[in-house]
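Novice: Contents of run.cif (mmCIF, C-alpha atoms and all ligand atoms):
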```cif
data_coords
loop_
_atom_site.label_atom_id
_atom_site.label_comp_id
_atom_site.auth_asym_id
_atom_site.auth_seq_id
_atom_site.Cartn_x
_atom_site.Cartn_y
_atom_site.Cartn_z
CA MET A 275 -11.88 25.63 8.23
CA LYS A 276 -13.41 24.04 5.12
CA ALA A 277 -15.59 21.01 5.77
CA LEU A 278 -14.08 17.79 4.49
CA ILE A 279 -16.63 15.71 2.58
CA ILE A 280 -15.30 12.28 1.77
CA ALA A 281 -16.95 9.76 -0.56
CA ASN A 282 -16.35 6.12 0.30
CA TRP A 283 -17.48 4.17 -2.74
CA LYS A 284 -16.59 0.84 -1.07
CA CYS A 285 -16.69 -2.05 -3.61
CA ASN A 286 -18.75 -0.03 -6.13
CA PRO A 287 -19.53 0.56 -8.99
CA THR A 288 -18.77 -2.58 -11.00
CA THR A 289 -17.56 -0.98 -14.24
CA GLN A 290 -15.03 1.74 -15.11
CA LYS A 291 -17.67 3.39 -17.29
CA GLU A 292 -19.98 3.91 -14.31
CA ALA A 293 -17.07 5.02 -12.13
CA LYS A 294 -16.14 7.70 -14.66
CA GLU A 295 -19.76 8.79 -15.00
CA ILE A 296 -20.24 9.28 -11.26
CA PHE A 297 -16.88 11.01 -10.94
CA ASP A 298 -17.46 13.38 -13.85
CA ALA A 299 -20.89 14.33 -12.54
CA VAL A 300 -19.44 15.07 -9.09
CA LYS A 301 -16.63 17.06 -10.67
CA LYS A 302 -19.11 19.12 -12.63
CA GLY A 303 -21.24 19.77 -9.55
CA ALA A 304 -18.16 20.64 -7.52
CA ARG A 305 -17.27 23.59 -9.74
CA THR A 306 -19.48 25.93 -7.76
CA VAL A 307 -18.41 24.60 -4.34
CA LYS A 308 -16.20 26.89 -2.29
CA ASP A 309 -16.73 25.95 1.33
CA ALA A 310 -15.94 22.26 1.25
CA GLU A 311 -13.07 20.03 0.29
CA ILE A 312 -14.16 16.94 -1.62
CA VAL A 313 -12.27 13.65 -1.52
CA ILE A 314 -13.30 10.63 -3.59
CA CYS A 315 -12.22 7.16 -2.38
CA PRO A 316 -12.96 4.69 -5.20
CA PRO A 317 -11.75 1.08 -5.49
CA PHE A 318 -7.98 0.97 -6.25
CA LEU A 319 -8.44 0.09 -9.93
CA TYR A 320 -10.29 3.28 -10.70
CA LEU A 321 -7.74 5.62 -9.09
CA PRO A 322 -5.65 6.18 -12.26
CA LEU A 323 -8.77 6.82 -14.34
CA LEU A 324 -10.20 9.64 -12.25
CA LYS A 325 -8.67 13.10 -12.56
CA GLY A 326 -9.60 16.54 -11.30
CA LEU A 327 -10.70 15.94 -7.70
CA THR A 328 -8.71 14.92 -4.63
CA LEU A 329 -8.43 11.13 -4.33
CA GLY A 330 -8.21 8.74 -1.42
CA ALA A 331 -7.73 4.98 -1.20
CA GLN A 332 -9.87 2.66 0.90
CA ASN A 333 -7.03 0.56 2.25
CA ILE A 334 -3.23 0.32 2.45
CA PHE A 335 -0.70 -2.40 3.26
CA TRP A 336 1.62 -1.99 6.26
CA GLU A 337 4.89 -2.44 4.33
CA ASP A 338 6.18 -0.43 1.37
CA LYS A 339 7.01 -3.39 -0.88
CA GLY A 340 8.00 -7.02 -1.01
CA ALA A 341 6.57 -10.53 -1.13
CA PHE A 342 3.00 -9.76 -0.05
CA THR A 343 0.74 -11.13 -2.79
CA GLY A 344 -2.31 -9.01 -3.48
CA GLU A 345 -1.36 -5.96 -1.44
CA ILE A 346 -1.08 -2.27 -2.40
CA SER A 347 1.36 -0.01 -0.55
CA GLY A 348 1.41 3.60 0.49
CA VAL A 349 4.34 4.53 -1.76
CA MET A 350 2.42 3.10 -4.72
CA LEU A 351 -0.64 5.16 -3.81
CA LYS A 352 1.47 8.28 -3.47
CA ASP A 353 2.93 7.62 -6.90
CA PHE A 354 -0.63 7.75 -8.25
CA LYS A 355 -1.17 11.16 -6.64
CA VAL A 356 -3.47 9.75 -3.97
CA GLU A 357 -3.64 12.07 -0.94
CA TYR A 358 -5.84 10.31 1.59
CA VAL A 359 -6.38 6.75 2.79
CA ILE A 360 -9.21 5.23 4.84
CA ILE A 361 -7.81 3.03 7.63
CA GLY A 362 -9.66 0.87 10.13
CA HIS A 363 -13.10 1.00 8.54
CA SER A 364 -15.51 -1.24 10.46
CA GLU A 365 -16.06 -3.39 7.36
CA ARG A 366 -12.34 -4.14 7.31
CA ARG A 367 -12.32 -4.80 11.04
CA LYS A 368 -15.29 -7.15 10.64
CA TYR A 369 -14.72 -9.00 7.36
CA PHE A 370 -10.92 -8.90 7.16
CA ASN A 371 -10.14 -9.27 10.86
CA GLU A 372 -8.22 -6.02 11.10
CA THR A 373 -7.17 -5.53 14.70
CA ASP A 374 -6.16 -2.32 16.46
CA GLN A 375 -2.56 -3.49 16.05
CA VAL A 376 -2.89 -3.92 12.27
CA ILE A 377 -4.57 -0.53 12.05
CA ASN A 378 -1.71 1.02 14.04
CA LYS A 379 0.83 -0.38 11.54
CA LYS A 380 -1.23 0.93 8.62
CA LEU A 381 -1.53 4.39 10.17
CA LYS A 382 2.25 4.52 10.64
CA ILE A 383 3.09 3.49 7.10
CA ALA A 384 0.49 5.90 5.66
CA ILE A 385 2.12 8.77 7.57
CA SER A 386 5.56 7.72 6.40
CA ALA A 387 4.28 7.74 2.79
CA ASN A 388 2.93 11.24 3.34
CA LEU A 389 -0.69 10.19 2.97
CA LYS A 390 -3.41 11.67 5.17
CA PRO A 391 -5.07 8.83 7.07
CA ILE A 392 -8.81 8.81 7.70
CA PHE A 393 -8.82 6.72 10.86
CA CYS A 394 -12.24 5.13 11.49
CA VAL A 395 -13.47 4.32 14.97
CA GLY A 396 -16.88 3.50 16.39
CA GLU A 397 -18.88 1.12 18.55
CA THR A 398 -21.12 -1.74 17.42
CA LEU A 399 -24.80 -2.00 18.37
CA GLU A 400 -24.04 -4.50 21.14
CA GLU A 401 -21.29 -2.27 22.49
CA MET A 402 -23.61 0.73 22.47
CA GLN A 403 -26.40 -1.20 24.19
CA GLY A 404 -23.92 -2.53 26.75
CA GLU A 405 -22.84 1.07 27.47
CA LYS A 406 -19.35 0.26 26.26
CA LYS A 407 -18.99 3.14 23.80
CA SER A 408 -16.42 5.14 25.81
CA GLU A 409 -14.36 2.06 26.53
CA VAL A 410 -14.38 0.98 22.87
CA LEU A 411 -13.44 4.42 21.53
CA GLU A 412 -10.69 4.76 24.10
CA ARG A 413 -9.25 1.35 23.18
CA GLN A 414 -9.48 1.87 19.41
CA ILE A 415 -7.86 5.30 19.60
CA THR A 416 -5.19 4.46 22.17
CA GLU A 417 -4.12 1.27 20.38
CA GLY A 418 -4.50 2.73 16.90
CA LEU A 419 -2.32 5.74 17.69
CA LYS A 420 0.27 3.83 19.74
CA ASN A 421 3.77 5.30 19.30
CA ILE A 422 2.60 7.89 16.81
CA SER A 423 4.12 11.25 17.67
CA ARG A 424 2.25 14.46 18.31
CA GLU A 425 3.76 15.88 15.14
CA ASN A 426 2.38 13.00 13.06
CA VAL A 427 -1.03 12.75 14.69
CA LYS A 428 -1.78 16.25 13.43
CA ASN A 429 -2.19 14.84 9.92
CA ILE A 430 -4.69 12.17 10.92
CA ILE A 431 -8.40 12.70 10.48
CA ILE A 432 -10.55 10.71 12.88
CA ALA A 433 -13.84 9.43 11.48
CA TYR A 434 -16.44 8.60 14.10
CA GLU A 435 -18.57 5.92 12.51
CA PRO A 436 -20.89 4.06 14.88
CA VAL A 437 -21.13 0.63 13.26
CA TRP A 438 -24.89 0.43 13.87
CA ALA A 439 -25.37 3.58 11.76
CA ILE A 440 -23.44 2.39 8.70
CA GLY A 441 -25.63 1.47 5.75
CA THR A 442 -28.67 1.06 7.99
CA GLY A 443 -30.51 4.33 7.42
CA GLN A 444 -30.34 4.81 11.20
CA ASN A 445 -28.03 7.77 11.43
CA CYS A 446 -26.64 8.78 14.80
CA SER A 447 -28.49 11.74 16.33
CA VAL A 448 -26.80 15.12 16.36
CA ASP A 449 -26.62 15.08 20.18
CA GLN A 450 -25.15 11.61 20.34
CA THR A 451 -22.65 12.51 17.63
CA MET A 452 -21.62 15.66 19.47
CA SER A 453 -21.06 13.74 22.70
CA SER A 454 -18.91 11.17 20.87
CA ILE A 455 -16.87 13.90 19.21
CA LEU A 456 -16.23 15.48 22.62
CA LEU A 457 -15.29 12.10 24.02
CA ILE A 458 -12.78 11.60 21.19
CA ARG A 459 -11.29 15.06 21.86
CA LYS A 460 -10.96 14.11 25.54
CA ILE A 461 -9.12 10.90 24.62
CA ILE A 462 -6.74 12.87 22.37
CA PHE A 463 -6.19 15.33 25.22
CA LYS A 464 -5.25 12.47 27.55
CA LEU A 465 -2.91 10.90 24.98
CA TYR A 466 -1.38 14.13 23.67
CA ASN A 467 -2.30 17.68 24.64
CA ARG A 468 -4.93 20.37 24.64
CA GLU A 469 -3.90 21.96 21.37
CA LEU A 470 -4.15 18.72 19.47
CA ALA A 471 -7.43 17.81 21.16
CA ASP A 472 -8.87 21.12 20.00
CA ASN A 473 -7.48 21.01 16.48
CA ILE A 474 -7.52 17.43 15.27
CA LYS A 475 -10.11 16.97 12.52
CA ILE A 476 -13.01 14.72 13.45
CA ILE A 477 -15.66 13.76 10.92
CA TYR A 478 -18.87 11.73 11.15
CA GLY A 479 -20.00 8.81 9.02
CA GLY A 480 -23.07 6.54 9.05
CA SER A 481 -26.18 6.89 6.86
CA VAL A 482 -25.39 10.47 5.90
CA ASN A 483 -27.72 11.89 3.23
CA SER A 484 -28.61 15.33 1.92
CA LYS A 485 -31.41 15.66 4.47
CA ASN A 486 -29.29 15.15 7.57
CA SER A 487 -25.84 16.33 6.42
CA GLY A 488 -26.23 20.04 7.15
CA GLU A 489 -27.27 19.33 10.74
CA TYR A 490 -24.03 17.51 11.50
CA ILE A 491 -21.87 20.31 10.17
CA LYS A 492 -23.88 23.06 11.86
CA ASN A 493 -24.82 21.45 15.17
CA ALA A 494 -22.70 18.40 15.94
CA GLY A 495 -19.28 20.03 15.95
CA VAL A 496 -17.87 17.85 13.18
CA ASN A 497 -15.24 18.96 10.66
CA GLY A 498 -16.71 16.93 7.85
CA LEU A 499 -18.51 13.78 6.76
CA LEU A 500 -17.65 10.33 5.47
CA VAL A 501 -20.38 9.31 3.05
CA GLY A 502 -20.92 5.74 1.84
CA GLY A 503 -24.10 4.79 -0.03
CA ALA A 504 -25.18 8.35 -0.83
CA SER A 505 -21.82 9.14 -2.45
CA LEU A 506 -22.59 6.85 -5.40
CA ASN A 507 -25.36 9.18 -6.51
CA ALA A 508 -23.58 12.28 -7.82
CA GLU A 509 -26.57 14.56 -7.48
CA GLU A 510 -27.22 13.51 -3.90
CA PHE A 511 -23.53 13.73 -3.03
CA ILE A 512 -23.25 17.27 -4.39
CA LYS A 513 -26.30 18.24 -2.32
CA ILE A 514 -24.48 16.91 0.75
CA VAL A 515 -21.36 18.88 -0.18
CA LYS A 516 -23.38 22.05 -0.61
CA SER A 517 -25.21 21.59 2.68
CA ALA A 518 -21.84 21.75 4.40
CA GLY A 519 -21.17 25.23 3.11
P1 LIG B 1 -23.04 4.78 4.69
O1 LIG B 1 -21.51 4.34 4.91
O2 LIG B 1 -23.03 6.25 4.40
O3 LIG B 1 -23.51 3.96 3.53
O4 LIG B 1 -23.75 4.48 5.96
C1 LIG B 1 -20.60 5.15 5.59
C2 LIG B 1 -19.26 4.47 5.67
O5 LIG B 1 -19.21 3.26 5.81
O6 LIG B 1 -18.21 5.13 5.57
#
```
For the file at hand, write its structure as structure tokens.
Ligand code: PGA
Specialist:
Amino acid sequence: MKALIIANWKCNPTTQKEAKEIFDAVKKGARTVKDAEIVICPPFLYLPLLKGLTLGAQNIFWEDKGAFTGEISGVMLKDFKVEYVIIGHSERRKYFNETDQVINKKLKIAISANLKPIFCVGETLEEMQGEKKSEVLERQITEGLKNISRENVKNIIIAYEPVWAIGTGQNCSVDQTMSSILLIRKIIFKLYNRELADNIKIIYGGSVNSKNSGEYIKNAGVNGLLVGGASLNAEEFIKIVKSAG
């Protein structure tokens, strides 16, 4: 299975010129990559400008169309040849009050639009310190996947992103990551079955850089990485992609 290396640009960069520059440099670097699948998730506005690599969106609305000022729907994304969509990122949970119920609606509409959801879960620092990690992951996954069939869950990628590791430079250790990945597989086993638990793609995100990326792929049992800050530097991002090979 090819490792899935996903760039989450978040609300960056601030001009189309810079967006094209980063993208073109990544595209150039990606020419020699065989063992990884690269997905770039830029802000919505840049999606139509970037061609030649697989694209993902950073958000989706839970209806296809209608009177919902400011929203972008899954059918619109699909029309722009977008293949993936990040759902439930901790920044959206925190700053935009996205609940497990909202995330569940977004996952369902993404599947119905034939997009591959990157479903983010993970505990905060307080939750980790309070030994609530298992409980939090179980709640986020159970509520997020509510009424989603076995057939449809297959297309979801789960991103384990401990909130305390995002943008902090404090990446989660390989051992801790591995135990969270196993925990997530156990939750999927309880909700669905053994086959799905074994085969669902689970990736890691949180302060990934070219120095720690290879370790996750080789020793933490992850199927890929979700890269924030480091994905805005094309050279660094390509190093991460290559370390996954
Ligand atoms: P980071 O972000 O790599 O900057 O920690 C990861 C993410 O939020 O997806």
Novice: For a quick check of understanding, using all atoms listed in the file, which of A:Ile458, A:Gly495, A:Lys485, A:Glu397 has the smallest distance to Leu470 of chain A?
Specialist: A:Ile458
Novice: So which residues are close to (-12.0, 15.8, 14.4), meaning at most 6 Å away in the file's coordinates with only C-alpha atoms counted, and can you show them as a ChimeraX atom specification?
Specialist: /A:432,474-477,497
Novice: Return as a tab-separated table the residues of chain A lying at most 10 Å from ligand LIG 1 (chain B), together with the closest atom-to-atom pair for each and the distance in Å to one decimal, counting all atoms listed in the file, with rows in chain order and ascending residue number.
Specialist:
```
residue	atom	partner	partner_atom	distance
A:Ile280	CA	B:LIG1	O6	8.6
A:Ala281	CA	B:LIG1	O6	7.8
A:Asn282	CA	B:LIG1	O6	5.7
A:Trp283	CA	B:LIG1	O6	8.4
A:Lys284	CA	B:LIG1	O5	7.7
A:Gln332	CA	B:LIG1	O6	9.9
A:Ile360	CA	B:LIG1	O6	9.0
A:His363	CA	B:LIG1	O5	7.1
A:Ser364	CA	B:LIG1	O5	7.5
A:Glu365	CA	B:LIG1	O5	7.5
A:Cys394	CA	B:LIG1	O6	8.4
A:Ala433	CA	B:LIG1	O6	8.5
A:Tyr434	CA	B:LIG1	O6	9.4
A:Glu435	CA	B:LIG1	O6	7.0
A:Pro436	CA	B:LIG1	O5	9.3
A:Val437	CA	B:LIG1	O5	8.1
A:Trp438	CA	B:LIG1	O4	9.0
A:Ala439	CA	B:LIG1	O4	6.1
A:Ile440	CA	B:LIG1	O4	3.5
A:Gly441	CA	B:LIG1	O4	3.6
A:Thr442	CA	B:LIG1	O4	6.3
A:Gly443	CA	B:LIG1	O4	6.9
A:Gln444	CA	B:LIG1	O4	8.4
A:Asn445	CA	B:LIG1	O4	7.7
A:Tyr478	CA	B:LIG1	O6	8.7
A:Gly479	CA	B:LIG1	C1	5.1
A:Gly480	CA	B:LIG1	O4	3.8
A:Ser481	CA	B:LIG1	O4	3.5
A:Val482	CA	B:LIG1	O2	5.1
A:Asn483	CA	B:LIG1	O2	7.4
A:Leu499	CA	B:LIG1	O6	8.7
A:Leu500	CA	B:LIG1	O6	5.2
A:Val501	CA	B:LIG1	O2	4.3
A:Gly502	CA	B:LIG1	O2	3.4
A:Gly503	CA	B:LIG1	O3	3.7
A:Ala504	CA	B:LIG1	O2	6.0
A:Ser505	CA	B:LIG1	O2	7.5
A:Leu506	CA	B:LIG1	O3	9.4
```
Novice: Do you know which residues are at most 7 Å from Ile383 of chain A counting only C-alpha atoms, after dropping those on the same chain fewer than 5 positions away, and could you put them as a PyMOL selection string?
Specialist: chain A and resi 336-337+348
Novice: Next, dump the selected residues to file, keeping only C-alpha atoms, as a JSON list (two decimals), in the coordinates of the input.
Specialist:
```
[["chain", "number", "residue", "atom", "x", "y", "z"],
["A", 336, "TRP", "CA", 1.62, -1.99, 6.26],
["A", 337, "GLU", "CA", 4.89, -2.44, 4.33],
["A", 348, "GLY", "CA", 1.41, 3.60, 0.49]]
```
Novice: Write out as a ChimeraX atom specification the residues lying within 12 Å of Leu465 of chain A, counting all atoms listed in the file and excluding same-chain residues fewer than 5 positions away.
Specialist: /A:412-413,415-424,427,458-460,470-471
Novice: With distances taken over all atoms listed in the file, which residue among A:Leu457, A:Met350, A:Phe335, A:Arg367 lies nearest Thr398 of chain A?
Specialist: A:Arg367
Novice: Record the distance separating atom CA of Phe511 of chain A and atom CA of Leu351 of chain A, expressed in Å with one decimal.
Specialist: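 The value is 24.5 Å.
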Novice: Separation of atom CA of Leu389 of chain A and atom CA of Lys492 of chain A, in Å?
Specialist: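 Pair atom CA of Leu389 of chain A / atom CA of Lys492 of chain A returns 28.0 Å.
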Novice: When you count all atoms listed in the file, which of these residues is closest to Phe297 of chain A: A:Ile514, A:Leu324, A:Ile312, A:Val410?
Specialist: A:Leu324
Novice: Of the residues A:Gly344, A:Asn467, A:Glu510, A:Leu456, which is the one nearest to Ala494 of chain A, using only C-alpha atoms?
Specialist: A:Leu456
Novice: Could you check which of A:Ala310, A:Ile334, A:Ile361, A:Ile461 is closest to Thr373 of chain A, using only C-alpha atoms?
Specialist: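 For Thr373 of chain A, the nearest of the candidates is A:Ile361.
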Novice: Please identify all polymer residues within 7 Å of Gly330 of chain A, counting all atoms listed in the file, omitting same-chain residues fewer than 4 positions from it, and present them as a short mmCIF file (atom, residue, chain, number, x, y, z; two decimals) with C-alpha atoms, in the coordinates of the input.
Specialist:
```
data_model
loop_
_atom_site.label_atom_id
_atom_site.label_comp_id
_atom_site.auth_asym_id
_atom_site.auth_seq_id
_atom_site.Cartn_x
_atom_site.Cartn_y
_atom_site.Cartn_z
CA VAL A 313 -12.27 13.65 -1.52
CA ILE A 314 -13.30 10.63 -3.59
CA CYS A 315 -12.22 7.16 -2.38
CA VAL A 356 -3.47 9.75 -3.97
CA GLU A 357 -3.64 12.07 -0.94
CA TYR A 358 -5.84 10.31 1.59
CA VAL A 359 -6.38 6.75 2.79
#
```
Novice: Suppose you want the space between atom CA of Leu278 of chain A and atom CA of Val515 of chain A; what is it in Å?
Specialist: 8.7 Å
Novice: Kindly indicate which residue among A:Leu323, A:Val307, A:Met275, A:Ala518 lies nearest to Lys294 of chain A, using all atoms listed in the file for the distances.
Specialist: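 Using all atoms listed in the file, the shortest distance to Lys294 of chain A belongs to A:Leu323.
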Novice: Report as a list in words all protein, DNA and RNA residues lying within 10 Å of Gly326 of chain A, evaluated on all atoms listed in the file, omitting residues in the same chain fewer than 2 positions from it.
Specialist: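 Within the cut-off, the hits are Phe297, Asp298, Lys301, Lys302, Leu324, Thr328 and Leu329 of chain A.
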